[in-house]
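For reference, work.cif is printed below; it contains mmCIF, C-alpha atoms.
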```
data_entry
loop_
_atom_site.label_atom_id
_atom_site.label_comp_id
_atom_site.auth_asym_id
_atom_site.auth_seq_id
_atom_site.Cartn_x
_atom_site.Cartn_y
_atom_site.Cartn_z
CA MET A 219 94.29 69.11 92.68
CA THR A 220 91.21 70.27 94.51
CA LEU A 221 91.51 73.00 97.09
CA SER A 222 89.08 73.92 99.80
CA VAL A 223 89.74 77.35 101.24
CA PRO A 224 87.71 79.57 103.57
CA VAL A 225 86.69 83.01 102.25
CA SER A 226 84.79 85.79 103.96
CA PRO A 227 81.11 86.32 103.08
CA LYS A 228 82.08 89.66 101.54
CA ALA A 229 84.69 88.02 99.30
CA GLU A 230 82.26 85.25 98.38
CA ALA A 231 79.63 87.78 97.34
CA ARG A 232 82.17 89.64 95.25
CA LEU A 233 83.42 86.42 93.64
CA ARG A 234 79.84 85.35 92.82
CA GLU A 235 79.18 88.76 91.32
CA ARG A 236 82.28 88.61 89.14
CA ALA A 237 81.65 85.01 88.12
CA ALA A 238 78.09 85.88 87.13
CA ALA A 239 79.34 88.84 85.12
CA ALA A 240 81.71 86.47 83.29
CA GLY A 241 78.87 83.97 82.74
CA ILE A 242 80.53 81.15 84.67
CA ASP A 243 80.04 79.48 88.05
CA ILE A 244 82.06 80.60 91.07
CA GLU A 245 84.23 77.45 91.15
CA THR A 246 85.33 77.93 87.54
CA PHE A 247 85.94 81.62 88.15
CA ALA A 248 88.03 80.96 91.27
CA ALA A 249 90.04 78.24 89.49
CA ARG A 250 90.74 80.57 86.55
CA GLU A 251 91.89 83.33 88.88
CA LEU A 252 94.24 80.94 90.69
CA GLU A 253 95.60 79.70 87.35
CA ARG A 254 96.15 83.30 86.30
CA LEU A 255 97.96 84.14 89.53
CA ALA A 256 100.14 81.06 89.27
CA ALA A 257 101.12 81.81 85.68
CA ARG A 258 104.56 83.23 85.05
CA PRO A 259 104.34 87.00 84.54
CA ARG A 260 105.00 88.29 81.06
CA SER A 261 108.17 90.27 80.49
CA LEU A 262 108.09 94.05 80.60
CA ALA A 263 108.99 94.22 76.91
CA GLU A 264 105.89 92.16 76.11
CA ILE A 265 103.69 94.33 78.29
CA SER A 266 104.98 97.66 77.05
CA GLY A 267 104.70 96.70 73.37
CA PRO A 268 105.38 99.65 71.06
CA LEU A 269 105.89 102.18 73.86
CA TYR A 270 109.66 101.89 73.71
CA GLN A 271 109.63 102.84 70.03
CA GLU A 272 107.37 105.78 70.88
CA PHE A 273 109.83 106.83 73.57
CA LEU A 274 112.77 106.64 71.15
CA ALA A 275 110.81 108.63 68.57
CA SER A 276 110.08 111.33 71.16
CA GLY A 277 113.78 112.19 71.32
CA MET A 278 113.64 112.44 75.12
CA THR A 279 116.35 111.08 77.35
CA ASP A 280 115.45 108.82 80.24
CA ASP A 281 116.16 111.69 82.66
CA GLN A 282 113.87 114.01 80.74
CA LEU A 283 111.18 111.34 80.80
CA GLY A 284 111.60 111.07 84.57
CA ASP A 285 111.35 114.85 84.98
CA LEU A 286 108.19 114.96 82.87
CA LEU A 287 106.59 112.25 84.96
CA GLU A 288 107.56 113.93 88.24
CA GLN A 289 106.06 117.20 87.04
CA ALA A 290 102.86 115.44 85.99
CA LYS A 291 102.62 113.60 89.30
CA HIS A 292 102.94 116.77 91.35
CA GLU A 293 100.41 118.60 89.16
CA THR A 294 97.99 115.70 89.62
CA ARG A 295 98.54 115.77 93.39
CA ALA A 296 97.92 119.53 93.49
CA GLN A 297 94.68 119.09 91.55
CA ARG A 298 93.59 116.30 93.87
CA ARG A 299 94.23 118.46 96.94
CA GLY A 300 92.22 121.26 95.36
CA ARG A 301 89.20 119.02 94.88
CA PRO A 302 86.59 118.86 97.64
CA GLN A 303 87.03 115.70 99.69
CA PRO A 304 84.16 113.16 99.51
CA MET B 223 118.96 78.03 100.61
CA SER B 224 118.52 81.34 98.78
CA SER B 225 117.92 84.49 100.77
CA PRO B 226 114.51 86.17 100.62
CA PRO B 227 114.20 88.81 97.92
CA LEU B 228 114.69 92.45 98.72
CA ARG B 229 111.38 94.11 99.64
CA ALA B 230 110.88 97.37 97.80
CA VAL B 231 108.35 100.10 97.24
CA PHE B 232 108.31 101.89 93.89
CA ASP B 233 107.15 105.42 93.31
CA CYS B 234 104.21 105.35 90.88
CA ASN B 235 106.39 107.02 88.27
CA VAL B 236 108.82 104.11 88.22
CA PHE B 237 106.04 102.08 86.59
CA LEU B 238 105.30 104.71 83.96
CA GLN B 239 108.96 105.33 83.22
CA GLY B 240 109.61 101.61 82.96
CA LEU B 241 106.67 101.07 80.64
CA SER B 242 108.03 103.71 78.27
CA ASN B 243 111.64 102.68 78.49
CA ALA B 244 111.91 99.02 79.44
CA ASN B 245 115.68 99.19 78.91
CA GLY B 246 116.21 102.05 81.34
CA PRO B 247 116.78 101.86 85.08
CA ALA B 248 113.07 102.01 85.92
CA GLY B 249 112.41 99.23 83.43
CA ARG B 250 115.13 97.14 85.02
CA CYS B 251 113.53 97.68 88.42
CA ILE B 252 110.20 96.37 87.11
CA SER B 253 111.86 93.45 85.35
CA ALA B 254 113.53 92.52 88.63
CA VAL B 255 110.07 92.37 90.20
CA LEU B 256 108.62 90.29 87.37
CA ASP B 257 111.62 87.93 87.60
CA GLY B 258 111.13 87.52 91.35
CA ARG B 259 114.42 89.17 92.30
CA ILE B 260 112.60 91.94 94.18
CA LEU B 261 109.39 91.62 96.18
CA LEU B 262 107.33 94.67 95.32
CA CYS B 263 105.05 96.05 98.04
CA MET B 264 102.06 98.04 96.83
CA ASN B 265 98.76 99.39 98.01
CA ASP B 266 95.72 101.14 96.61
CA PHE B 267 97.32 104.56 97.02
CA ILE B 268 100.14 103.71 94.60
CA ILE B 269 97.73 102.17 92.11
CA ASP B 270 95.47 105.23 92.24
CA GLU B 271 98.44 107.57 91.78
CA LEU B 272 99.73 105.47 88.91
CA VAL B 273 96.39 105.47 87.12
CA GLU B 274 95.90 109.20 87.72
CA ALA B 275 99.40 110.07 86.51
CA ALA B 276 98.96 107.89 83.42
CA GLU B 277 95.76 109.78 82.59
CA SER B 278 97.45 113.17 82.87
CA PRO B 279 97.10 114.95 79.49
CA LYS B 280 100.80 115.81 79.52
CA VAL B 281 101.78 112.17 79.93
CA CYS B 282 99.23 110.87 77.42
CA ARG B 283 100.39 113.37 74.81
CA LYS B 284 104.08 112.71 75.23
CA LEU B 285 104.11 108.98 75.86
CA ARG B 286 100.98 107.79 74.04
CA LEU B 287 100.34 105.63 77.03
CA LEU B 288 96.97 103.87 76.91
CA PRO B 289 95.20 103.06 80.19
CA SER B 290 94.93 99.46 78.98
CA ARG B 291 98.72 99.21 78.98
CA VAL B 292 98.86 100.31 82.61
CA ARG B 293 96.13 97.81 83.46
CA GLU B 294 98.13 95.03 81.76
CA LEU B 295 101.15 95.89 83.86
CA LEU B 296 99.06 95.91 87.04
CA ASP B 297 97.61 92.51 86.10
CA GLU B 298 101.12 91.08 85.82
CA LEU B 299 102.26 92.73 89.05
CA ASP B 300 99.22 91.24 90.75
CA LYS B 301 100.89 87.84 90.27
CA VAL B 302 104.07 88.75 92.08
CA ALA B 303 103.58 91.80 94.31
CA SER B 304 102.58 91.93 97.94
CA PHE B 305 99.51 94.11 98.51
CA ILE B 306 99.30 96.00 101.78
CA GLY B 307 96.08 96.99 103.51
CA PRO B 308 95.43 100.22 105.45
CA ALA B 309 98.04 101.07 108.08
CA PRO B 310 98.15 103.71 110.82
CA GLN B 311 99.79 107.05 110.10
CA VAL B 312 103.03 106.92 112.02
CA PHE B 313 105.12 109.24 109.88
CA ARG B 314 104.30 112.81 108.86
CA TYR B 315 105.95 114.76 106.08
CA ASP B 316 104.54 118.27 105.75
CA ARG B 317 106.61 119.08 102.70
CA ASP B 318 104.54 116.60 100.69
CA PRO B 319 101.93 114.63 102.65
CA ASP B 320 101.44 112.28 99.70
CA ASP B 321 105.03 111.18 100.00
CA ALA B 322 104.36 110.24 103.61
CA GLN B 323 101.86 107.72 102.24
CA TYR B 324 104.69 105.85 100.57
CA ILE B 325 106.50 105.65 103.86
CA ASN B 326 103.63 105.12 106.28
CA ASN B 327 101.18 102.92 104.59
CA ILE B 328 103.44 101.00 102.35
CA ALA B 329 107.11 100.89 103.20
CA LEU B 330 106.90 100.74 106.99
CA ALA B 331 103.82 98.54 107.04
CA SER B 332 105.35 96.06 104.62
CA GLY B 333 108.83 96.03 106.11
CA ALA B 334 110.34 97.23 102.84
CA GLN B 335 114.05 97.86 102.77
CA ILE B 336 114.08 100.42 99.99
CA ILE B 337 111.94 102.97 98.21
CA VAL B 338 112.78 103.56 94.58
CA SER B 339 111.96 107.07 93.47
CA ARG B 340 113.37 110.12 91.78
CA ASP B 341 111.03 112.40 93.71
CA LYS B 342 113.17 115.16 95.23
CA ASP B 343 111.00 115.36 98.33
CA LEU B 344 111.54 111.69 99.01
CA LEU B 345 115.19 111.72 98.05
CA ASP B 346 115.85 114.59 100.43
CA LEU B 347 114.71 112.32 103.23
CA MET B 348 117.65 110.15 102.33
CA ALA B 349 120.02 112.94 103.28
CA HIS B 350 119.06 112.29 106.88
CA ARG B 351 120.20 108.73 106.48
CA VAL B 352 122.85 109.10 103.87
CA ARG B 353 125.59 107.46 105.90
CA ARG B 354 123.52 104.34 106.28
CA ALA B 355 121.96 104.32 102.83
CA VAL B 356 122.81 101.23 100.85
CA PRO B 357 123.34 101.18 97.09
CA LEU B 358 120.73 99.11 95.29
CA TRP B 359 122.37 95.95 94.10
CA LEU B 360 121.19 96.15 90.53
CA GLY B 361 123.46 99.12 90.05
CA PHE B 362 120.77 101.61 89.14
CA PRO B 363 121.83 105.17 88.47
CA ARG B 364 121.26 107.91 90.96
CA PHE B 365 117.48 108.12 90.79
CA ALA B 366 117.07 104.65 92.13
CA SER B 367 118.63 105.73 95.37
CA SER B 368 117.63 103.74 98.33
CA ILE B 369 116.22 104.91 101.59
CA ARG B 370 116.86 102.49 104.38
CA LEU B 371 113.92 102.49 106.71
CA PRO B 372 113.75 102.04 110.43
CA SER B 373 111.48 99.31 111.68
CA TYR B 374 107.76 99.85 111.74
CA GLU B 375 107.71 99.00 115.43
CA SER B 376 110.17 101.77 116.23
CA PHE B 377 107.73 104.22 114.68
CA ARG B 378 104.73 102.71 116.36
CA ARG B 379 106.34 103.16 119.75
CA ARG B 380 106.28 106.91 119.23
CA PRO B 381 103.19 108.62 120.61
CA ARG B 382 102.57 110.84 117.56
CA PRO B 383 103.42 110.89 113.89
CA CYS B 384 107.04 111.91 113.67
CA HIS B 385 108.98 114.23 111.42
CA PRO B 386 111.96 113.39 109.22
CA SER B 387 114.23 114.98 111.79
CA ASP B 388 113.21 112.26 114.24
CA TRP B 389 114.34 109.71 111.78
CA ILE B 390 118.07 110.19 112.14
#
```

Give the structure from this file in structure tokens form.
Amino acid sequence: MTLSVPVSPKAEARLRERAAAAGIDIETFAARELERLAARPRSLAEISGPLYQEFLASGMTDDQLGDLLEQAKHETRAQRRGRPQP
Amino acid sequence: MSSPPLRAVFDCNVFLQGLSNANGPAGRCISAVLDGRILLCMNDFIIDELVEAAESPKVCRKLRLLPSRVRELLDELDKVASFIGPAPQVFRYDRDPDDAQYINNIALASGAQIIVSRDKDLLDLMAHRVRRAVPLWLGFPRFASSIRLPSYESFRRRPRPCHPSDWI
């Protein structure tokens, strides 16, 4: 199937840039991106790989993991607010 | 004809928790997105928070989470999630302005039905709506509480950003 779709000049420039960086023409790059988007997503177990084993080895419960992440998120937010805004 | 999937917004920590424990409730939330049972609504704010939180020394040390793993998850979510552009600030939450981002720019703008989070500041908002809150159908434990949102238009009709107390 061949598609013809309108894209903004900004998007075209960005696509050309990324295609050039990958060493391919824009048509091939766009087709690959569409193929990638149409592909079935991998399962979370495939994506996370050995992390589950690491989690088990840590001895933490899922609730403790959640608390750790919440604490880290709020610390990160506090640091961000303390930084001068661009 | 099947009904459209539930539209949901996940706190950035749901992704990190799910990556570490794919069998836990957060992991089941992400799997539901990857399976197409939930339509995830995201924006740049969530992605930035997720990447920042993943790079936190505390998280790196405890979870041995590599940035590449987060990137892989984002690549997969890119196939199934709905990405939301900038939206006007119609909701204000002084207790934690960053939490208002989840509501303003993502949940209201995308028409999401639930926010999944274990953030106390966000969950306390639910208390205002507790009578109308609906349990998430995957049967998640308490942290995956749902916040039912009013329509975006009802917020937009208000002249100024509103407070949680206006939300009842």

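For the pair CA of Ala244 (chain B) and CA of Leu262 (chain A), the interatomic distance is 6.4 Å.
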
Can you work out which residues from chain B touch chain A at a cut-off of 10 Å (counting all atoms listed in the file) and hand them back as a PDB file with C-alpha atoms, in the frame of the given file?
```pdb
ATOM      1  CA  ASP B 233     107.150 105.420  93.310  1.00  0.00           C
ATOM      2  CA  CYS B 234     104.210 105.350  90.880  1.00  0.00           C
ATOM      3  CA  ASN B 235     106.390 107.020  88.270  1.00  0.00           C
ATOM      4  CA  VAL B 236     108.820 104.110  88.220  1.00  0.00           C
ATOM      5  CA  LEU B 238     105.300 104.710  83.960  1.00  0.00           C
ATOM      6  CA  GLN B 239     108.960 105.330  83.220  1.00  0.00           C
ATOM      7  CA  GLY B 240     109.610 101.610  82.960  1.00  0.00           C
ATOM      8  CA  LEU B 241     106.670 101.070  80.640  1.00  0.00           C
ATOM      9  CA  SER B 242     108.030 103.710  78.270  1.00  0.00           C
ATOM     10  CA  ASN B 243     111.640 102.680  78.490  1.00  0.00           C
ATOM     11  CA  ALA B 244     111.910  99.020  79.440  1.00  0.00           C
ATOM     12  CA  ASN B 245     115.680  99.190  78.910  1.00  0.00           C
ATOM     13  CA  GLY B 246     116.210 102.050  81.340  1.00  0.00           C
ATOM     14  CA  PRO B 247     116.780 101.860  85.080  1.00  0.00           C
ATOM     15  CA  ALA B 248     113.070 102.010  85.920  1.00  0.00           C
ATOM     16  CA  GLY B 249     112.410  99.230  83.430  1.00  0.00           C
ATOM     17  CA  ARG B 250     115.130  97.140  85.020  1.00  0.00           C
ATOM     18  CA  ILE B 252     110.200  96.370  87.110  1.00  0.00           C
ATOM     19  CA  SER B 253     111.860  93.450  85.350  1.00  0.00           C
ATOM     20  CA  ALA B 254     113.530  92.520  88.630  1.00  0.00           C
ATOM     21  CA  VAL B 255     110.070  92.370  90.200  1.00  0.00           C
ATOM     22  CA  LEU B 256     108.620  90.290  87.370  1.00  0.00           C
ATOM     23  CA  ASP B 257     111.620  87.930  87.600  1.00  0.00           C
ATOM     24  CA  GLY B 258     111.130  87.520  91.350  1.00  0.00           C
ATOM     25  CA  GLU B 271      98.440 107.570  91.780  1.00  0.00           C
ATOM     26  CA  LEU B 272      99.730 105.470  88.910  1.00  0.00           C
ATOM     27  CA  GLU B 274      95.900 109.200  87.720  1.00  0.00           C
ATOM     28  CA  ALA B 275      99.400 110.070  86.510  1.00  0.00           C
ATOM     29  CA  ALA B 276      98.960 107.890  83.420  1.00  0.00           C
ATOM     30  CA  GLU B 277      95.760 109.780  82.590  1.00  0.00           C
ATOM     31  CA  SER B 278      97.450 113.170  82.870  1.00  0.00           C
ATOM     32  CA  PRO B 279      97.100 114.950  79.490  1.00  0.00           C
ATOM     33  CA  LYS B 280     100.800 115.810  79.520  1.00  0.00           C
ATOM     34  CA  VAL B 281     101.780 112.170  79.930  1.00  0.00           C
ATOM     35  CA  LYS B 284     104.080 112.710  75.230  1.00  0.00           C
ATOM     36  CA  LEU B 285     104.110 108.980  75.860  1.00  0.00           C
ATOM     37  CA  ARG B 286     100.980 107.790  74.040  1.00  0.00           C
ATOM     38  CA  LEU B 287     100.340 105.630  77.030  1.00  0.00           C
ATOM     39  CA  LEU B 288      96.970 103.870  76.910  1.00  0.00           C
ATOM     40  CA  ARG B 291      98.720  99.210  78.980  1.00  0.00           C
ATOM     41  CA  VAL B 292      98.860 100.310  82.610  1.00  0.00           C
ATOM     42  CA  ARG B 293      96.130  97.810  83.460  1.00  0.00           C
ATOM     43  CA  GLU B 294      98.130  95.030  81.760  1.00  0.00           C
ATOM     44  CA  LEU B 295     101.150  95.890  83.860  1.00  0.00           C
ATOM     45  CA  ASP B 297      97.610  92.510  86.100  1.00  0.00           C
ATOM     46  CA  GLU B 298     101.120  91.080  85.820  1.00  0.00           C
ATOM     47  CA  LEU B 299     102.260  92.730  89.050  1.00  0.00           C
ATOM     48  CA  ASP B 300      99.220  91.240  90.750  1.00  0.00           C
ATOM     49  CA  LYS B 301     100.890  87.840  90.270  1.00  0.00           C
ATOM     50  CA  VAL B 302     104.070  88.750  92.080  1.00  0.00           C
ATOM     51  CA  ASP B 318     104.540 116.600 100.690  1.00  0.00           C
ATOM     52  CA  PRO B 319     101.930 114.630 102.650  1.00  0.00           C
ATOM     53  CA  ASP B 320     101.440 112.280  99.700  1.00  0.00           C
ATOM     54  CA  SER B 339     111.960 107.070  93.470  1.00  0.00           C
ATOM     55  CA  ARG B 340     113.370 110.120  91.780  1.00  0.00           C
ATOM     56  CA  ASP B 341     111.030 112.400  93.710  1.00  0.00           C
ATOM     57  CA  LYS B 342     113.170 115.160  95.230  1.00  0.00           C
ATOM     58  CA  PHE B 365     117.480 108.120  90.790  1.00  0.00           C
TER      59      PHE B 365
END
```

- Residues picked by the PyMOL selection byres ((chain B and resi 317) around 12) here, as JSON, numbers by chain? {"B": [314, 315, 316, 318, 319, 320, 321, 322, 342, 343, 344, 346, 347, 385, 386]}

- Expected answer as a PyMOL selection string: all residues with atoms within 12 Å of (107.0, 97.3, 98.9), only C-alpha atoms: chain B and resi 227-234+255+260-265+268+299+302-307+324-338+371

Can those selected residues be exported to a file as a CSV table (one decimal), keeping the file's coordinate frame so that it contains C-alpha atoms?
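Written output follows (out-v8.csv):
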```
chain,number,residue,atom,x,y,z
B,227,PRO,CA,114.2,88.8,97.9
B,228,LEU,CA,114.7,92.4,98.7
B,229,ARG,CA,111.4,94.1,99.6
B,230,ALA,CA,110.9,97.4,97.8
B,231,VAL,CA,108.4,100.1,97.2
B,232,PHE,CA,108.3,101.9,93.9
B,233,ASP,CA,107.2,105.4,93.3
B,234,CYS,CA,104.2,105.4,90.9
B,255,VAL,CA,110.1,92.4,90.2
B,260,ILE,CA,112.6,91.9,94.2
B,261,LEU,CA,109.4,91.6,96.2
B,262,LEU,CA,107.3,94.7,95.3
B,263,CYS,CA,105.0,96.0,98.0
B,264,MET,CA,102.1,98.0,96.8
B,265,ASN,CA,98.8,99.4,98.0
B,268,ILE,CA,100.1,103.7,94.6
B,299,LEU,CA,102.3,92.7,89.0
B,302,VAL,CA,104.1,88.8,92.1
B,303,ALA,CA,103.6,91.8,94.3
B,304,SER,CA,102.6,91.9,97.9
B,305,PHE,CA,99.5,94.1,98.5
B,306,ILE,CA,99.3,96.0,101.8
B,307,GLY,CA,96.1,97.0,103.5
B,324,TYR,CA,104.7,105.8,100.6
B,325,ILE,CA,106.5,105.6,103.9
B,326,ASN,CA,103.6,105.1,106.3
B,327,ASN,CA,101.2,102.9,104.6
B,328,ILE,CA,103.4,101.0,102.4
B,329,ALA,CA,107.1,100.9,103.2
B,330,LEU,CA,106.9,100.7,107.0
B,331,ALA,CA,103.8,98.5,107.0
B,332,SER,CA,105.4,96.1,104.6
B,333,GLY,CA,108.8,96.0,106.1
B,334,ALA,CA,110.3,97.2,102.8
B,335,GLN,CA,114.0,97.9,102.8
B,336,ILE,CA,114.1,100.4,100.0
B,337,ILE,CA,111.9,103.0,98.2
B,338,VAL,CA,112.8,103.6,94.6
B,371,LEU,CA,113.9,102.5,106.7
```

- Message: Just want the 9 Å neighbourhood of region 240-247 of chain A, counted on all atoms listed in the file, with same-chain residues fewer than 6 positions away dropped. Output as JSON, numbers by chain.
- Response: {"A": [230, 233, 234]}
